[in-house]
Amino acid sequence: MDTTDFGRFSDPALLILASLAGGEKHGYGMMEDIEAMTGVHLGPGTLYGALSRLEQSGLIEALPADERRRPYKLTTRGNAYLRQSLTSLGNFVSIGLQRLEA
Amino acid sequence: MRMDRVGAWLTSLYPRAWRERYGAEFDILLEQCLHSPLDALDVLLGAVDAHLQLLNGEDLTWRMLNMLNKLRTTILLVFTAFIGFIVAGFSLVGLADDSPMIPLMKTNPALAAAWTTIQIGSVVALMAVVIGGFPLALTVVRRALSGERRGLGLLMVPVVSFLAVMLFLGFVFLVGSGRIHVPGVDPVVQPGTFPAGNRLMLEGLMLVFILGAFASTLAVWKVISRTDSEQETFHAVGRNLTVKIYRFAFVPAVIATLTMLVMLVATVSWGWLSFSALPQVFAGNFGPWGTSTQAWFISIIVVMAVCTAMAFFGVQRGRPRQTGR
């Protein structure tokens with residue numbers, strides 16, 4: 001089993017938020033970063049489907065376009081949401097590991 | 001079929017409003033990463049998803065953002081058209097000033113009415129632009145003076161341009177009042193004469209004004225393009241007032257556009273009446289840099305017509321629609 005494959009937890013929105021936590025990025029930058037970080041390849045359609053929803057919910061914000069590429073950044077709300085999601089995920093991982101060791 | 005063509009075709013499957021919001025950046029992404037049939041399938045599914053969102057009314061942000069982009073473009077187009085129109089209008093005033101058309105207007109009511117329409121129109125259009133653009137200007141200045149100092153350098157361009165025109169005007173005033181002597185410039189111009197030095201000075205003033213207007217418009221365009229917020233809250237008379245800055249500017253933009261059309265018609269009428277009464281004036285070379293009066297007047301009309309068309313295009317683009325599909 002590939003240990004970097006998050007399987008059903010490879011939520012594209014969460015991956016995008018985690019990528020943007022490292023600094024503002026445009027679409028291709030996010031795809032590369034997510035692939036390097038988790039080994040998950042997000043397709044362009046999936047990426048932009050998630051991006052539009054994240055923008056709607058105010059978790060990310062579009063920055064002025066750099067030539068034709070538009071970078072995005074995490075908003076304060078996005079930061080809080082990511083922190084909460086990762087904490088929940090961390091608790092889940094911790095409980096899972098404890099049960100395996102028991 | 002080449003992959004970039006496949007990408008363009010796949011993007012065309014998305015709803016129009018989605019493409020207007022994300023299309024440009026999505027095309028760039030596809031140029032870089034559309035390598036396999038699986039990626040193409042992913043884009044295809046993304047298009048289906050975007051249509052489903054639209055049908056369900058689930059995620060309409062890009063429709064709203066698209067409308068914001070359209071409104072911003074409308075405001076920028078009308079503003080630029082207005083500046084171009086004003087430059088042409090000043091050229092018209094320069095052409096008519098000290099010409100035989102001025103005394104003729106005292107005896108020709110139709111000519112006087114056309115001129116008065118142009119003057120009233122210029123005040124109405126200016127008021128519309130100032131009122132409509134006020135919240136936007138405040139927002140831009142607020143951003144520039146905030147911690148980010150966003151666009152502060154660009155905002156200095158109109159300030160420096162205005163100061164340059166004012167300095168030049170001050171210089172012209174000092175020369176005209178005889179406090180400064182410039183060789184070749186006559187402070188007291190006799191009727192029927194216009195020394196070459198005086199003409200050169202006025203043409204210099206016109207050049208500084210046109211260059212300043214051009215540079216300022218570019219700078220303001222750039223600053224406003226970066227202003228993404230849809231609304232801004234202002235504190236006035238002890239109350240918080242939230243204004244949708246681009247939506248607020250739309251009605252004044254329509255008024256400015258219609259006024260430009262009225263002024264264009266009035267200018268054509270004024271030119272036609274003047275030409276009918278004094279054809280010899282139009283046959284001369286009273287334009288700047290000794291150019292033909294007739295050619296200069298036609299150039300003014302062409303600039304005004306192009307600016308009016310640009311403003312109409314902008315208003316048409318930004319008018320509210322029922323659906324973004």
# chains A, B, ... in the order shown; residues from 1 in each chain; ligands from 1

$ interface_residues --of "chain A" --to "chain B" --cutoff "12 Å" --atoms "only C-alpha atoms" --output "short mmCIF file (atom, residue, chain, number, x, y, z; two decimals) with N, CA and C atoms, in the first residue's frame"
data_model
loop_
_atom_site.label_atom_id
_atom_site.label_comp_id
_atom_site.auth_asym_id
_atom_site.auth_seq_id
_atom_site.Cartn_x
_atom_site.Cartn_y
_atom_site.Cartn_z
N HIS A 26 -0.86 29.68 -7.82
CA HIS A 26 -1.84 29.58 -8.90
C HIS A 26 -2.14 28.10 -9.12
N GLY A 27 -3.08 27.81 -10.05
CA GLY A 27 -3.58 26.44 -10.23
C GLY A 27 -2.49 25.39 -10.40
N TYR A 28 -1.57 25.64 -11.34
CA TYR A 28 -0.54 24.64 -11.62
C TYR A 28 0.39 24.46 -10.42
N GLY A 29 0.67 25.58 -9.74
CA GLY A 29 1.51 25.54 -8.54
C GLY A 29 0.88 24.65 -7.47
N MET A 30 -0.44 24.77 -7.33
CA MET A 30 -1.15 23.94 -6.33
C MET A 30 -1.07 22.47 -6.72
N MET A 31 -1.30 22.19 -8.00
CA MET A 31 -1.27 20.78 -8.46
C MET A 31 0.09 20.15 -8.15
N GLU A 32 1.16 20.89 -8.48
CA GLU A 32 2.51 20.37 -8.25
C GLU A 32 2.78 20.19 -6.77
N HIS A 41 -2.54 13.14 -7.45
CA HIS A 41 -2.61 13.99 -8.65
C HIS A 41 -4.04 14.49 -8.80
N LEU A 42 -4.23 15.79 -8.63
CA LEU A 42 -5.56 16.38 -8.81
C LEU A 42 -5.73 16.73 -10.28
N GLY A 43 -6.79 16.27 -10.90
CA GLY A 43 -7.06 16.64 -12.29
C GLY A 43 -7.49 18.10 -12.36
N PRO A 44 -7.31 18.74 -13.52
CA PRO A 44 -7.66 20.17 -13.63
C PRO A 44 -9.13 20.45 -13.34
N GLY A 45 -10.02 19.56 -13.79
CA GLY A 45 -11.46 19.75 -13.55
C GLY A 45 -11.79 19.65 -12.07
N THR A 46 -11.17 18.69 -11.40
CA THR A 46 -11.40 18.52 -9.95
C THR A 46 -10.86 19.73 -9.20
N LEU A 47 -9.66 20.18 -9.61
CA LEU A 47 -9.03 21.32 -8.93
C LEU A 47 -9.93 22.55 -9.00
N TYR A 48 -10.39 22.87 -10.21
CA TYR A 48 -11.18 24.10 -10.34
C TYR A 48 -12.60 23.95 -9.79
N GLY A 49 -13.13 22.71 -9.79
CA GLY A 49 -14.42 22.48 -9.14
C GLY A 49 -14.33 22.79 -7.66
N ALA A 50 -13.23 22.35 -7.05
CA ALA A 50 -13.02 22.60 -5.62
C ALA A 50 -12.69 24.07 -5.37
N LEU A 51 -11.87 24.64 -6.26
CA LEU A 51 -11.48 26.05 -6.09
C LEU A 51 -12.70 26.97 -6.07
N SER A 52 -13.63 26.73 -7.02
CA SER A 52 -14.80 27.62 -7.10
C SER A 52 -15.64 27.51 -5.84
N ARG A 53 -15.73 26.30 -5.28
CA ARG A 53 -16.51 26.12 -4.04
C ARG A 53 -15.80 26.77 -2.85
N LEU A 54 -14.48 26.64 -2.82
CA LEU A 54 -13.72 27.24 -1.71
C LEU A 54 -13.82 28.76 -1.77
N GLU A 55 -13.84 29.29 -2.99
CA GLU A 55 -13.95 30.75 -3.15
C GLU A 55 -15.33 31.21 -2.70
N GLN A 56 -16.35 30.41 -3.05
CA GLN A 56 -17.72 30.76 -2.66
C GLN A 56 -17.87 30.79 -1.14
N SER A 57 -17.25 29.81 -0.50
CA SER A 57 -17.40 29.75 0.95
C SER A 57 -16.45 30.70 1.68
N GLY A 58 -15.67 31.44 0.92
CA GLY A 58 -14.80 32.46 1.53
C GLY A 58 -13.58 31.89 2.22
N GLU A 61 -9.13 33.21 -1.43
CA GLU A 61 -9.40 34.50 -2.07
C GLU A 61 -8.52 34.61 -3.31
N ALA A 62 -9.12 35.05 -4.42
CA ALA A 62 -8.35 35.24 -5.67
C ALA A 62 -7.56 36.55 -5.57
N LEU A 63 -6.32 36.51 -6.01
CA LEU A 63 -5.48 37.72 -6.02
C LEU A 63 -5.45 38.27 -7.44
N PRO A 64 -4.99 39.52 -7.63
CA PRO A 64 -4.92 40.05 -9.00
C PRO A 64 -4.08 39.13 -9.89
N ALA A 65 -4.55 38.97 -11.14
CA ALA A 65 -3.90 38.03 -12.06
C ALA A 65 -2.47 38.47 -12.38
N ASP A 66 -1.57 37.46 -12.40
CA ASP A 66 -0.19 37.71 -12.79
C ASP A 66 -0.09 37.22 -14.24
N GLU A 67 -0.08 38.16 -15.18
CA GLU A 67 -0.29 37.84 -16.61
C GLU A 67 -1.64 37.12 -16.72
N ARG A 68 -1.68 35.87 -17.21
CA ARG A 68 -2.98 35.20 -17.32
C ARG A 68 -3.22 34.26 -16.15
N ARG A 69 -2.20 34.04 -15.33
CA ARG A 69 -2.35 33.13 -14.19
C ARG A 69 -2.83 33.89 -12.96
N ARG A 70 -3.84 33.32 -12.30
CA ARG A 70 -4.36 34.01 -11.11
C ARG A 70 -3.99 33.24 -9.85
N PRO A 71 -3.21 33.86 -8.96
CA PRO A 71 -2.89 33.18 -7.71
C PRO A 71 -4.05 33.27 -6.70
N TYR A 72 -4.05 32.36 -5.78
CA TYR A 72 -5.05 32.35 -4.71
C TYR A 72 -4.34 32.31 -3.37
#

$ residues_around --residues "Gly284 (chain B)" --least-positions-apart "3" --cutoff "8 Å" --atoms "only C-alpha atoms" --output "MDAnalysis selection string"
chainID B and resid 280:281 292:294

$ select_by_dssp --residues "region 55-241 of chain B" --states "helix (DSSP H, G or I)" --output "PyMOL selection string"
chain B and resi 55-56+61-96+101-107+109-145+152-176+196-225

$ closest_residue --among "B:Ala112, B:Ala137, B:Ile224, B:Val251" --to "Thr73 (chain B)" --atoms "only C-alpha atoms"
B:Ile224

$ residues_around --residues "Phe171 (chain B)" --least-positions-apart "5" --cutoff "12 Å" --atoms "only C-alpha atoms" --output "mmCIF file with N, CA and C atoms, in the first residue's frame"
data_model
loop_
_atom_site.group_PDB
_atom_site.id
_atom_site.type_symbol
_atom_site.label_atom_id
_atom_site.label_comp_id
_atom_site.auth_asym_id
_atom_site.auth_seq_id
_atom_site.Cartn_x
_atom_site.Cartn_y
_atom_site.Cartn_z
ATOM 1 N N ALA B 164 1.514 69.142 -12.932
ATOM 2 C CA ALA B 164 2.240 69.587 -14.136
ATOM 3 C C ALA B 164 1.379 70.559 -14.948
ATOM 4 N N VAL B 165 0.083 70.214 -15.101
ATOM 5 C CA VAL B 165 -0.824 71.097 -15.863
ATOM 6 C C VAL B 165 -0.997 72.425 -15.115
ATOM 7 N N MET B 166 -1.145 72.353 -13.787
ATOM 8 C CA MET B 166 -1.313 73.574 -12.991
ATOM 9 C C MET B 166 -0.073 74.471 -13.072
ATOM 10 N N GLY B 176 1.334 85.839 -19.425
ATOM 11 C CA GLY B 176 0.226 86.676 -19.900
ATOM 12 C C GLY B 176 0.111 87.974 -19.122
ATOM 13 N N SER B 177 0.459 87.931 -17.815
ATOM 14 C CA SER B 177 0.361 89.153 -17.003
ATOM 15 C C SER B 177 1.620 90.011 -17.097
ATOM 16 N N GLY B 178 2.602 89.561 -17.881
ATOM 17 C CA GLY B 178 3.815 90.342 -18.108
ATOM 18 C C GLY B 178 4.844 90.217 -17.001
ATOM 19 N N ARG B 179 4.622 89.322 -16.021
ATOM 20 C CA ARG B 179 5.590 89.186 -14.910
ATOM 21 C C ARG B 179 6.820 88.392 -15.338
ATOM 22 N N ILE B 180 6.632 87.557 -16.335
ATOM 23 C CA ILE B 180 7.772 86.822 -16.896
ATOM 24 C C ILE B 180 7.826 87.152 -18.377
ATOM 25 N N HIS B 181 9.048 87.447 -18.836
ATOM 26 C CA HIS B 181 9.182 87.763 -20.259
ATOM 27 C C HIS B 181 9.820 86.576 -20.974
ATOM 28 N N VAL B 182 9.134 86.084 -21.998
ATOM 29 C CA VAL B 182 9.656 84.978 -22.817
ATOM 30 C C VAL B 182 9.807 85.503 -24.236
ATOM 31 N N PRO B 187 2.632 89.156 -24.491
ATOM 32 C CA PRO B 187 1.631 89.043 -23.417
ATOM 33 C C PRO B 187 0.275 89.631 -23.805
ATOM 34 N N MET B 201 3.338 77.997 -26.953
ATOM 35 C CA MET B 201 3.094 77.845 -25.517
ATOM 36 C C MET B 201 1.751 77.133 -25.275
ATOM 37 N N LEU B 202 0.726 77.537 -26.018
ATOM 38 C CA LEU B 202 -0.589 76.906 -25.848
ATOM 39 C C LEU B 202 -0.573 75.452 -26.312
ATOM 40 N N GLY B 204 2.018 73.550 -26.213
ATOM 41 C CA GLY B 204 2.751 72.831 -25.160
ATOM 42 C C GLY B 204 1.833 72.465 -24.008
ATOM 43 N N LEU B 205 0.973 73.443 -23.648
ATOM 44 C CA LEU B 205 0.009 73.201 -22.567
ATOM 45 C C LEU B 205 -0.928 72.054 -22.953
#

$ residues_around --residues "region 83-89 of chain A" --least-positions-apart "3" --cutoff "12 Å" --atoms "only C-alpha atoms" --output "JSON, numbers by chain"
{"A": [6, 9, 10, 11, 13, 14, 15, 17, 18, 21, 59, 74, 76, 77, 78, 79, 80, 92, 93, 94, 95, 96]}

$ residues_around --residues "Gly89 (chain B)" --least-positions-apart "6" --cutoff "10 Å" --atoms "only C-alpha atoms" --output "PyMOL selection string"
chain B and resi 83+95+118-119+122+263-264+267+300-301+303-304

$ write_last_selection --atoms "C-alpha atoms" --output "PDB file, in the first residue's frame"
ATOM      1  CA  ILE B  83     -11.451  61.221 -20.409  1.00  0.00           C
ATOM      2  CA  LEU B  95     -10.379  75.579 -31.902  1.00  0.00           C
ATOM      3  CA  ILE B 118     -22.146  71.035 -25.183  1.00  0.00           C
ATOM      4  CA  GLN B 119     -21.371  73.137 -22.093  1.00  0.00           C
ATOM      5  CA  SER B 122     -19.934  68.554 -20.069  1.00  0.00           C
ATOM      6  CA  MET B 263     -22.770  66.277 -26.746  1.00  0.00           C
ATOM      7  CA  LEU B 264     -21.579  64.413 -29.843  1.00  0.00           C
ATOM      8  CA  THR B 267     -20.860  69.139 -31.599  1.00  0.00           C
ATOM      9  CA  ILE B 300     -12.380  65.765 -32.777  1.00  0.00           C
ATOM     10  CA  ILE B 301     -15.683  64.312 -33.992  1.00  0.00           C
ATOM     11  CA  VAL B 303     -12.512  60.795 -31.172  1.00  0.00           C
ATOM     12  CA  MET B 304     -15.831  61.787 -29.578  1.00  0.00           C
TER      13      MET B 304
END

$ residues_around --residues "Val254 (chain B)" --least-positions-apart "6" --cutoff "12 Å" --atoms "only C-alpha atoms" --output "ChimeraX atom specification"
/B:71,74-75,77-79,82,124-125,128-129,132,247-248,260-261,308,311-319

$ write_last_selection --atoms "N, CA and C atoms" --output "PDB file, in the first residue's frame"
ATOM      1  N   LEU B  71     -19.048  44.612 -14.336  1.00  0.00           N
ATOM      2  CA  LEU B  71     -19.353  45.970 -13.878  1.00  0.00           C
ATOM      3  C   LEU B  71     -18.086  46.812 -13.795  1.00  0.00           C
ATOM      4  N   THR B  74     -17.130  47.829 -17.159  1.00  0.00           N
ATOM      5  CA  THR B  74     -18.043  48.894 -17.601  1.00  0.00           C
ATOM      6  C   THR B  74     -17.578  50.250 -17.076  1.00  0.00           C
ATOM      7  N   ILE B  75     -17.301  50.291 -15.773  1.00  0.00           N
ATOM      8  CA  ILE B  75     -16.911  51.557 -15.149  1.00  0.00           C
ATOM      9  C   ILE B  75     -15.603  52.055 -15.763  1.00  0.00           C
ATOM     10  N   LEU B  77     -14.366  51.351 -18.761  1.00  0.00           N
ATOM     11  CA  LEU B  77     -14.567  51.763 -20.160  1.00  0.00           C
ATOM     12  C   LEU B  77     -15.227  53.140 -20.225  1.00  0.00           C
ATOM     13  N   VAL B  78     -16.256  53.344 -19.390  1.00  0.00           N
ATOM     14  CA  VAL B  78     -16.954  54.639 -19.420  1.00  0.00           C
ATOM     15  C   VAL B  78     -16.021  55.747 -18.934  1.00  0.00           C
ATOM     16  N   PHE B  79     -15.229  55.453 -17.891  1.00  0.00           N
ATOM     17  CA  PHE B  79     -14.280  56.456 -17.375  1.00  0.00           C
ATOM     18  C   PHE B  79     -13.264  56.832 -18.456  1.00  0.00           C
ATOM     19  N   PHE B  82     -14.860  58.805 -21.146  1.00  0.00           N
ATOM     20  CA  PHE B  82     -15.119  60.174 -20.697  1.00  0.00           C
ATOM     21  C   PHE B  82     -13.848  61.031 -20.787  1.00  0.00           C
ATOM     22  N   VAL B 124     -22.893  67.975 -16.793  1.00  0.00           N
ATOM     23  CA  VAL B 124     -23.691  66.806 -16.367  1.00  0.00           C
ATOM     24  C   VAL B 124     -22.818  65.548 -16.369  1.00  0.00           C
ATOM     25  N   ALA B 125     -22.050  65.346 -17.452  1.00  0.00           N
ATOM     26  CA  ALA B 125     -21.194  64.149 -17.551  1.00  0.00           C
ATOM     27  C   ALA B 125     -20.141  64.152 -16.444  1.00  0.00           C
ATOM     28  N   ALA B 128     -21.757  63.259 -13.170  1.00  0.00           N
ATOM     29  CA  ALA B 128     -22.076  61.822 -13.129  1.00  0.00           C
ATOM     30  C   ALA B 128     -20.823  61.012 -12.818  1.00  0.00           C
ATOM     31  N   VAL B 129     -19.715  61.362 -13.478  1.00  0.00           N
ATOM     32  CA  VAL B 129     -18.464  60.619 -13.259  1.00  0.00           C
ATOM     33  C   VAL B 129     -17.955  60.834 -11.828  1.00  0.00           C
ATOM     34  N   GLY B 132     -20.564  59.074  -9.366  1.00  0.00           N
ATOM     35  CA  GLY B 132     -20.477  57.614  -9.505  1.00  0.00           C
ATOM     36  C   GLY B 132     -19.143  57.060  -9.065  1.00  0.00           C
ATOM     37  N   ARG B 247     -21.738  48.703  -8.464  1.00  0.00           N
ATOM     38  CA  ARG B 247     -23.174  48.800  -8.766  1.00  0.00           C
ATOM     39  C   ARG B 247     -23.627  50.255  -8.628  1.00  0.00           C
ATOM     40  N   PHE B 248     -23.108  50.946  -7.601  1.00  0.00           N
ATOM     41  CA  PHE B 248     -23.457  52.345  -7.360  1.00  0.00           C
ATOM     42  C   PHE B 248     -23.072  53.213  -8.565  1.00  0.00           C
ATOM     43  N   MET B 260     -22.760  61.956 -23.265  1.00  0.00           N
ATOM     44  CA  MET B 260     -21.728  62.011 -24.314  1.00  0.00           C
ATOM     45  C   MET B 260     -22.372  61.949 -25.695  1.00  0.00           C
ATOM     46  N   LEU B 261     -23.416  61.126 -25.819  1.00  0.00           N
ATOM     47  CA  LEU B 261     -24.113  61.018 -27.109  1.00  0.00           C
ATOM     48  C   LEU B 261     -24.755  62.363 -27.471  1.00  0.00           C
ATOM     49  N   THR B 308     -17.766  57.653 -27.370  1.00  0.00           N
ATOM     50  CA  THR B 308     -19.179  57.391 -27.073  1.00  0.00           C
ATOM     51  C   THR B 308     -19.508  55.921 -27.335  1.00  0.00           C
ATOM     52  N   ALA B 311     -18.146  53.811 -24.562  1.00  0.00           N
ATOM     53  CA  ALA B 311     -18.974  53.909 -23.351  1.00  0.00           C
ATOM     54  C   ALA B 311     -20.249  53.082 -23.505  1.00  0.00           C
ATOM     55  N   PHE B 312     -20.874  53.129 -24.688  1.00  0.00           N
ATOM     56  CA  PHE B 312     -22.090  52.337 -24.924  1.00  0.00           C
ATOM     57  C   PHE B 312     -21.781  50.847 -24.832  1.00  0.00           C
ATOM     58  N   PHE B 313     -20.639  50.443 -25.391  1.00  0.00           N
ATOM     59  CA  PHE B 313     -20.235  49.039 -25.323  1.00  0.00           C
ATOM     60  C   PHE B 313     -20.071  48.617 -23.859  1.00  0.00           C
ATOM     61  N   GLY B 314     -19.431  49.501 -23.076  1.00  0.00           N
ATOM     62  CA  GLY B 314     -19.211  49.200 -21.655  1.00  0.00           C
ATOM     63  C   GLY B 314     -20.523  49.051 -20.905  1.00  0.00           C
ATOM     64  N   VAL B 315     -21.459  49.973 -21.134  1.00  0.00           N
ATOM     65  CA  VAL B 315     -22.749  49.943 -20.446  1.00  0.00           C
ATOM     66  C   VAL B 315     -23.528  48.692 -20.845  1.00  0.00           C
ATOM     67  N   GLN B 316     -23.477  48.357 -22.125  1.00  0.00           N
ATOM     68  CA  GLN B 316     -24.194  47.174 -22.602  1.00  0.00           C
ATOM     69  C   GLN B 316     -23.631  45.911 -21.942  1.00  0.00           C
ATOM     70  N   ARG B 317     -22.312  45.900 -21.785  1.00  0.00           N
ATOM     71  CA  ARG B 317     -21.644  44.744 -21.186  1.00  0.00           C
ATOM     72  C   ARG B 317     -22.008  44.579 -19.709  1.00  0.00           C
ATOM     73  N   GLY B 318     -22.196  45.691 -19.030  1.00  0.00           N
ATOM     74  CA  GLY B 318     -22.411  45.627 -17.577  1.00  0.00           C
ATOM     75  C   GLY B 318     -23.862  45.614 -17.154  1.00  0.00           C
ATOM     76  N   ARG B 319     -24.788  45.734 -18.124  1.00  0.00           N
ATOM     77  CA  ARG B 319     -26.201  45.824 -17.705  1.00  0.00           C
ATOM     78  C   ARG B 319     -26.635  44.493 -17.088  1.00  0.00           C
TER      79      ARG B 319
END
